[in-house]
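Undergrad: Pasting in a structure now, in structure tokens, and then I'll have a few things to ask.
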Amino acid sequence: MIDLRSDTVTKPSEEMRDAARDAEVGDDVYGEDPTINELEARTAEILGTEDALYVPSGTMGNQIAGRIHTERGQELLCERESHIYKWELAGLAQHAEVQPRTIDAGPRGVIEPEQVRTGYVEQSGHRPGTGALAVEDTHNSHGGTAIAPEKIAAAAEAAHDFGLTVHLDGARLFNAAAAHDRPAAEFVDPVDTVMCCLSKGLGAPVGSMLAGPEAMIEEAHRVRKLLGGGMRQAGMIAAPGLEALANRDRLSEDHRRAERLAEGLGRVDSLSVDDPETNIVLVHTDRPAEAVLDDCEEEGVLGVPFAEHTIRFCTHWDVDDDDIDRAIEGVERAV
Ligand SMILES: *Cc1c(COP(=O)(O)O)cnc(C)c1O
């Protein structure tokens with residue numbers, strides 16, 4: 001089976017398993033796990049932030065951000081297709097108790113400064129007031145689009161002009177960095193906090209990072225505890241995360257394979273394929289996506305339905321060039 005459902009399906013490497021077994025550990029709720037401390041310091045160094053916090057999942061990282069960026073009853077500006085709004089069980093309503101106000105940022109998911117200015121709501125006797133802006137890079141639902149740091153900076157500047165803070169959902173930040181061949185820190189520089197996943201293309205079995213200024217990360221620490229994310233000898237799962245951070249340069253291989261996949265599928269009758277910018281390939285089908293996927297599975301290829309007539313395939317380090325070629329043949333037979 002060639003599993004292209006997500007880059008989260010990767011299995012930890014031998015090095016990661018060794019690192020987990022050999023990790024120096026302590027009680028992280030007491031701040032005494034040396035491996036966690038190392039992972040947090042290393043992440044802050046790579047992202048150019050004052051501090052970073054290890055969290056069990058990207059969703060928890062985003063939810064903590066929603067909470068620390070806003071006051072109860074405010075609005076949070078975010079993109080209409082953004083993960084924090086669309087795929088997190090209305091967590092913004094439940095944990096941060098804010099009202100999301102969505103921006104339709106077009107086919108690539110790039111929020112323009114003018115849209116921030118239009119979306120901003122000033123607090124009054126009738127209106128809640130806006131607390132923060134959330135942006136996403138790469139943008140998952142828009143097909144892994146890699147938004148340039150300048151675009152993030154422009155939207156962030158518009159938000160900062162109103163006194164808002166800005167969170168970057170960078171679950172696949174390092175994919176964006178690889179696609180633009182620029183350091184991840186350049187994407188993070190214009191925003192206040194960033195979340196990035198270790199467990200996607202980087203291949204760690206578990207974990208994400210929330211990074212930002214010391215004061216915000218201190219508050220994030222408290223909210224992580226509140227959400228049940230305070231872990232004990234977590235160095236066991238953080239050690240593979242350190243290995244994962246060293247895999248950043250490998251992501252461009254996934255991007256190359258996504259292009260190869262898109263090219264191959266683009267030649268198949270009845271499919272139309274978006275040009276991939278990173279490791280996500282969106283394929284539009286004549287028949288309902290679910291039905292096509294059932295047939296793909298029979299042919300040994302897995303993807304996920306993304307819309308009624310759209311399938312998402314995702315490349316990752318457990319698939320090689322041969323797998324891509326076999327996947328193209330499998331999908332061709334299926335359709
Ligand atoms: C996967 C993803 C998340 C959530 O990460 P989990 O670790 O699966 O909770 C958040 N935002 C984006 C854009 C994602 O793709």
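By order in the structure tokens, chains are A, B, ...; within a chain, residues start at 1; ligands start at 1, following the order shown.
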Given a cut-off of 8 Å, what residues near ligand 1 show up using only C-alpha atoms and all ligand atoms, put as a ChimeraX atom specification?
TA: /A:8,56-62,82-84,87-88,136-141,169-172,197,199-200,206-208
Undergrad: Let's have the selection written as a PDB file, in the first residue's frame, with C-alpha atoms.
TA:
```pdb
ATOM      1  CA  THR A   8       1.859  12.262   9.550  1.00  0.00           C
ATOM      2  CA  PRO A  56       1.713  17.047  22.310  1.00  0.00           C
ATOM      3  CA  SER A  57       0.076  18.160  19.057  1.00  0.00           C
ATOM      4  CA  GLY A  58      -0.212  21.004  16.603  1.00  0.00           C
ATOM      5  CA  THR A  59      -3.834  21.397  17.567  1.00  0.00           C
ATOM      6  CA  MET A  60      -2.914  21.969  21.199  1.00  0.00           C
ATOM      7  CA  GLY A  61      -0.248  24.470  20.117  1.00  0.00           C
ATOM      8  CA  ASN A  62      -2.789  26.441  18.088  1.00  0.00           C
ATOM      9  CA  SER A  82      -7.526  27.812   8.055  1.00  0.00           C
ATOM     10  CA  HIS A  83      -6.851  24.768  10.207  1.00  0.00           C
ATOM     11  CA  ILE A  84      -7.375  26.644  13.476  1.00  0.00           C
ATOM     12  CA  TRP A  87     -10.308  21.484  11.636  1.00  0.00           C
ATOM     13  CA  GLU A  88     -10.036  21.970  15.410  1.00  0.00           C
ATOM     14  CA  GLU A 136      -1.134  29.777   8.150  1.00  0.00           C
ATOM     15  CA  ASP A 137       1.968  28.731   6.155  1.00  0.00           C
ATOM     16  CA  THR A 138       2.105  26.386   4.319  1.00  0.00           C
ATOM     17  CA  HIS A 139      -1.616  26.627   3.855  1.00  0.00           C
ATOM     18  CA  ASN A 140      -2.985  23.100   4.123  1.00  0.00           C
ATOM     19  CA  SER A 141      -6.512  23.466   2.739  1.00  0.00           C
ATOM     20  CA  ASP A 169       0.139  28.257  12.238  1.00  0.00           C
ATOM     21  CA  GLY A 170       3.310  26.853  10.744  1.00  0.00           C
ATOM     22  CA  ALA A 171       2.443  23.167  11.083  1.00  0.00           C
ATOM     23  CA  ARG A 172       4.456  22.839   7.852  1.00  0.00           C
ATOM     24  CA  CYS A 197       4.811  20.276  13.883  1.00  0.00           C
ATOM     25  CA  SER A 199       5.348  14.946  13.531  1.00  0.00           C
ATOM     26  CA  LYS A 200       4.606  15.755   9.880  1.00  0.00           C
ATOM     27  CA  VAL A 206       4.809  12.861  18.330  1.00  0.00           C
ATOM     28  CA  GLY A 207       4.929  16.529  19.111  1.00  0.00           C
ATOM     29  CA  SER A 208       4.801  20.128  18.016  1.00  0.00           C
TER      30      SER A 208
END
```
Undergrad: Residues near Lys11 of chain A, anyone? I mean within 8 Å using only C-alpha atoms, not counting same-chain ones fewer than 6 positions away, as a ChimeraX atom specification.
TA: /A:203-205,318
Undergrad: How would you write, as a ChimeraX atom specification, the set of residues in segment 39-280 of chain A that DSSP gives as alpha helix (DSSP H)?
TA: /A:39-47,58-69,83-86,91,113-119,149-161,173-180,184-188,214-226,235-245,251-266
Undergrad: Would you pick out the contacts of Ile46 of chain A at 12 Å or less, using only C-alpha atoms, so that residues sharing its chain but fewer than 2 positions from it are not included, and give the list as a PyMOL selection string?
TA: chain A and resi 39-44+48-52+173-174+177+183-189+196+209+211-212+242+245-246+248
Undergrad: Just want the 7 Å neighbourhood of segment 108-121 of chain A, counted on only C-alpha atoms, with same-chain residues fewer than 2 positions away dropped. Output as a ChimeraX atom specification.
TA: /A:77,103,105-106,123,129-130,139,142,145,147,154-155,158-159
Undergrad: List every residue of segment 16-218 of chain A that DSSP, applied to the backbone of this structure, places in strand (DSSP E), and write the result as an mmCIF file with C-alpha atoms, in the first residue's frame.
TA:
```cif
data_model
loop_
_atom_site.group_PDB
_atom_site.id
_atom_site.type_symbol
_atom_site.label_atom_id
_atom_site.label_comp_id
_atom_site.auth_asym_id
_atom_site.auth_seq_id
_atom_site.Cartn_x
_atom_site.Cartn_y
_atom_site.Cartn_z
ATOM 1 C CA ASP A 51 11.601 30.753 23.919
ATOM 2 C CA ALA A 52 9.706 27.650 22.801
ATOM 3 C CA LEU A 53 7.395 25.083 24.372
ATOM 4 C CA TYR A 54 6.951 21.400 23.512
ATOM 5 C CA VAL A 55 3.276 20.445 23.086
ATOM 6 C CA GLU A 75 -12.818 38.257 17.896
ATOM 7 C CA LEU A 76 -9.921 36.454 16.279
ATOM 8 C CA LEU A 77 -9.244 37.113 12.615
ATOM 9 C CA CYS A 78 -8.322 34.054 10.577
ATOM 10 C CA GLU A 79 -8.547 32.667 7.073
ATOM 11 C CA GLN A 99 -15.589 34.543 17.957
ATOM 12 C CA PRO A 100 -13.599 33.820 14.829
ATOM 13 C CA ARG A 101 -14.037 36.346 12.040
ATOM 14 C CA THR A 102 -12.955 34.776 8.790
ATOM 15 C CA ILE A 103 -11.179 36.290 5.813
ATOM 16 C CA THR A 130 -10.500 42.079 17.719
ATOM 17 C CA GLY A 131 -7.774 40.428 19.771
ATOM 18 C CA ALA A 132 -5.463 38.763 17.300
ATOM 19 C CA LEU A 133 -4.761 37.603 13.760
ATOM 20 C CA ALA A 134 -3.891 34.016 12.828
ATOM 21 C CA VAL A 135 -2.121 33.174 9.572
ATOM 22 C CA GLU A 136 -1.134 29.777 8.150
ATOM 23 C CA THR A 165 -0.903 40.139 18.155
ATOM 24 C CA VAL A 166 -0.235 37.589 15.405
ATOM 25 C CA HIS A 167 0.002 33.802 15.519
ATOM 26 C CA LEU A 168 1.467 31.791 12.659
ATOM 27 C CA ASP A 169 0.139 28.257 12.238
ATOM 28 C CA THR A 193 4.081 33.274 18.094
ATOM 29 C CA VAL A 194 4.455 30.284 15.778
ATOM 30 C CA MET A 195 3.418 26.657 16.013
ATOM 31 C CA CYS A 196 5.281 24.046 13.990
ATOM 32 C CA CYS A 197 4.811 20.276 13.883
ATOM 33 C CA SER A 208 4.801 20.128 18.016
ATOM 34 C CA MET A 209 6.448 23.341 19.166
ATOM 35 C CA LEU A 210 4.937 26.672 20.150
ATOM 36 C CA ALA A 211 7.526 29.458 20.039
ATOM 37 C CA GLY A 212 7.550 33.175 20.778
#
```
Undergrad: For Gly264 of chain A, find every residue with an atom within 12 Å (counting only C-alpha atoms), except residues of its own chain fewer than 3 positions away, and show them as a PyMOL selection string.
TA: chain A and resi 257-261+267-269+271-273+275+281+283+321+324-332
Undergrad: Any idea what the distance is between atom CA of Asn279 of chain A and atom CA of Arg250 of chain A?
TA: 11.6 Å
Undergrad: So, with only C-alpha atoms as the atoms that count, which of A:Gln233, A:Ser270, A:Ser6, A:Gln63 lies closest to Val319 of chain A?
TA: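 Checking each of A:Gln233, A:Ser270, A:Ser6, A:Gln63 against Val319 of chain A, counting only C-alpha atoms, the winner is A:Ser6.
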Undergrad: Give the answer as one residue: which of A:Asp33, A:Glu219, A:Asp7, A:Asp18 has the shortest atom-to-atom distance to Ile68 of chain A, using only C-alpha atoms?
TA: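 That would be A:Glu219, the residue with the smallest distance to Ile68 of chain A.
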Undergrad: Using only C-alpha atoms, which of A:Arg127, A:His69, A:His309, A:Arg287 sits nearest Val191 of chain A?
TA: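 Between A:Arg127, A:His69, A:His309, A:Arg287, the residue approaching Val191 of chain A most closely is A:His69.
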